[in-house]
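Peer 1: The structure's right below; bear with me while I get my questions together.
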Amino acid sequence: DNEESMILFERLERELSYKEPSDNHVALIVSALEMIHRCSSEYITQSVYSVGTNTVLILLRQVIDKYVNCIKHGGLTQHTICNVAKIFSHFIKSDPIKRKIAGDYDTILQMIAVLNSEAFEWVKIEYLNVLVELVHTDDFNNDIIKYHAFIDA
């Protein structure tokens with residue numbers, strides 16, 4: 001049953017649609033999403049498919065986009081961004097979802113944006129671990145490696 005996942009992604013979408021989303025609400029929702037995706041690859045696949053892979057990736061990119069530039073404020077934003085990376089780490093346990101993420105140029109660029117941000121090193125390591133896993137996927141666009149931001153990171 002993927003009802004919890006669907007509800008949380010719907011709440012995240014609603015929260016992000018507000019002119020000024022509550023950082024606390026976003027952090028709590030992202031944290032809950034990270035926790036419920038500590039599960040089997042089969043559940044992850046069902047969970048993401050039930051919401052829609054593109055929708056899930058768009059929402060996670062929106063969270064990164066919202067917080068990557070204010071990450072230097074520390075605390076809540078660092079943990080929120082890190083929890084998004086942990087969600088990606090869980091997602092790549094599912095081969096179909098891993099291939100989708102690996103082939104999604106915008107998502108890869110958002111991960112690279114975190115590497116080039118003022119995020120704490122422990123946050124960057126989470127994203128780097130995800131990117132290392134994605135590089136070994138057939139769907140990964142190897143041209144991204146040539147992207148100067150990735151090399152600089």
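Quick note on naming: the chains in the structure tokens go A, B, ... in the order shown, residues restart at 1 in each chain, and ligands are numbered from 1 in order of appearance.
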Within 10 Å of region 28-50 of chain A, which residues of region 77-129 of chain A show up? Give each one with its shortest atom-to-atom distance in Å (one decimal) and the two atoms involved, counting only C-alpha atoms, rows by chain then rising residue number, as JSON lines.

Peer 2:
```
{"residue": "A:His79", "atom": "CA", "partner": "A:Ser31", "partner_atom": "CA", "distance": 8.6}
{"residue": "A:Thr80", "atom": "CA", "partner": "A:Val30", "partner_atom": "CA", "distance": 6.6}
{"residue": "A:Ile81", "atom": "CA", "partner": "A:Val30", "partner_atom": "CA", "distance": 8.9}
{"residue": "A:Cys82", "atom": "CA", "partner": "A:Ser31", "partner_atom": "CA", "distance": 9.5}
{"residue": "A:Asn83", "atom": "CA", "partner": "A:Ser31", "partner_atom": "CA", "distance": 6.1}
{"residue": "A:Val84", "atom": "CA", "partner": "A:Val30", "partner_atom": "CA", "distance": 6.8}
{"residue": "A:Ala85", "atom": "CA", "partner": "A:Glu34", "partner_atom": "CA", "distance": 9.0}
{"residue": "A:Lys86", "atom": "CA", "partner": "A:Glu34", "partner_atom": "CA", "distance": 6.4}
{"residue": "A:Ile87", "atom": "CA", "partner": "A:Glu34", "partner_atom": "CA", "distance": 5.0}
{"residue": "A:Phe88", "atom": "CA", "partner": "A:Glu34", "partner_atom": "CA", "distance": 8.8}
{"residue": "A:Ser89", "atom": "CA", "partner": "A:Glu34", "partner_atom": "CA", "distance": 9.4}
{"residue": "A:His90", "atom": "CA", "partner": "A:His37", "partner_atom": "CA", "distance": 6.2}
{"residue": "A:Phe91", "atom": "CA", "partner": "A:Ile44", "partner_atom": "CA", "distance": 6.3}
{"residue": "A:Ile92", "atom": "CA", "partner": "A:Ser41", "partner_atom": "CA", "distance": 8.3}
{"residue": "A:Lys93", "atom": "CA", "partner": "A:Ser41", "partner_atom": "CA", "distance": 5.4}
{"residue": "A:Ser94", "atom": "CA", "partner": "A:Ser41", "partner_atom": "CA", "distance": 4.6}
{"residue": "A:Asp95", "atom": "CA", "partner": "A:Ser41", "partner_atom": "CA", "distance": 8.0}
{"residue": "A:Pro96", "atom": "CA", "partner": "A:Thr45", "partner_atom": "CA", "distance": 7.2}
{"residue": "A:Ile97", "atom": "CA", "partner": "A:Thr45", "partner_atom": "CA", "distance": 6.5}
{"residue": "A:Lys98", "atom": "CA", "partner": "A:Thr45", "partner_atom": "CA", "distance": 9.7}
```

Peer 1: Write out the residues from the selection above, keeping C-alpha atoms, as a PDB file, in the first residue's frame.

Peer 2:
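Contents of result24.pdb, freshly written:
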```pdb
ATOM      1  CA  HIS A  79      19.108  18.503   6.910  1.00  0.00           C
ATOM      2  CA  THR A  80      16.328  18.965   4.354  1.00  0.00           C
ATOM      3  CA  ILE A  81      18.772  18.921   1.443  1.00  0.00           C
ATOM      4  CA  CYS A  82      20.541  15.919   2.958  1.00  0.00           C
ATOM      5  CA  ASN A  83      17.256  14.039   3.359  1.00  0.00           C
ATOM      6  CA  VAL A  84      16.532  14.589  -0.337  1.00  0.00           C
ATOM      7  CA  ALA A  85      19.884  12.945  -1.109  1.00  0.00           C
ATOM      8  CA  LYS A  86      18.963  10.056   1.181  1.00  0.00           C
ATOM      9  CA  ILE A  87      15.662   9.686  -0.685  1.00  0.00           C
ATOM     10  CA  PHE A  88      17.621   9.434  -3.925  1.00  0.00           C
ATOM     11  CA  SER A  89      19.888   6.861  -2.240  1.00  0.00           C
ATOM     12  CA  HIS A  90      16.844   4.779  -1.412  1.00  0.00           C
ATOM     13  CA  PHE A  91      15.359   5.243  -4.879  1.00  0.00           C
ATOM     14  CA  ILE A  92      18.447   3.912  -6.647  1.00  0.00           C
ATOM     15  CA  LYS A  93      17.889   0.535  -4.984  1.00  0.00           C
ATOM     16  CA  SER A  94      15.121   0.139  -7.584  1.00  0.00           C
ATOM     17  CA  ASP A  95      16.594  -0.470 -11.040  1.00  0.00           C
ATOM     18  CA  PRO A  96      13.757   1.173 -13.018  1.00  0.00           C
ATOM     19  CA  ILE A  97      13.830   4.270 -10.799  1.00  0.00           C
ATOM     20  CA  LYS A  98      17.631   4.357 -10.855  1.00  0.00           C
TER      21      LYS A  98
END
```

Peer 1: Let's see if you can do this: from backbone DSSP, list all helix (DSSP H, G or I) residues in chain A, as a ChimeraX atom specification.

Peer 2: /A:3-17,23-36,41-51,53-68,71-73,76-91,95-102,105-115,121-135,143-146,148-152

Peer 1: Leaving out region 103-110 of chain A and any residue of its chain fewer than 3 positions from it, which residues lie within 7 Å of it when counting only C-alpha atoms, given as a list of chain:residue names?

Peer 2: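 The neighbour list is A:Leu57, A:Arg61, A:Ile64, A:Arg99, A:Lys100, A:Ala113, A:Val114, A:Asp139, A:Phe140, A:Asn141.
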
Peer 1: Report, in Å with one decimal, the straight-line distance from CA of His136 (chain A) to CA of Ile101 (chain A).

Peer 2: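 Distance between the two atoms: 12.1 Å.
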
Peer 1: Given the choices A:Ile7, A:His25, A:Met111, A:Asp138, which gets closest to Val68 (chain A) if the distance is worked out from only C-alpha atoms?

Peer 2: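 The shortest atom-to-atom distance to Val68 (chain A) comes from A:Met111.
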
Peer 1: Please determine, counting only C-alpha atoms, which residue among A:Val132, A:Leu16, A:Val63, A:Val56 has the shortest atom-to-atom distance to Gln78 (chain A).

Peer 2: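 The shortest atom-to-atom distance to Gln78 (chain A) comes from A:Val63.
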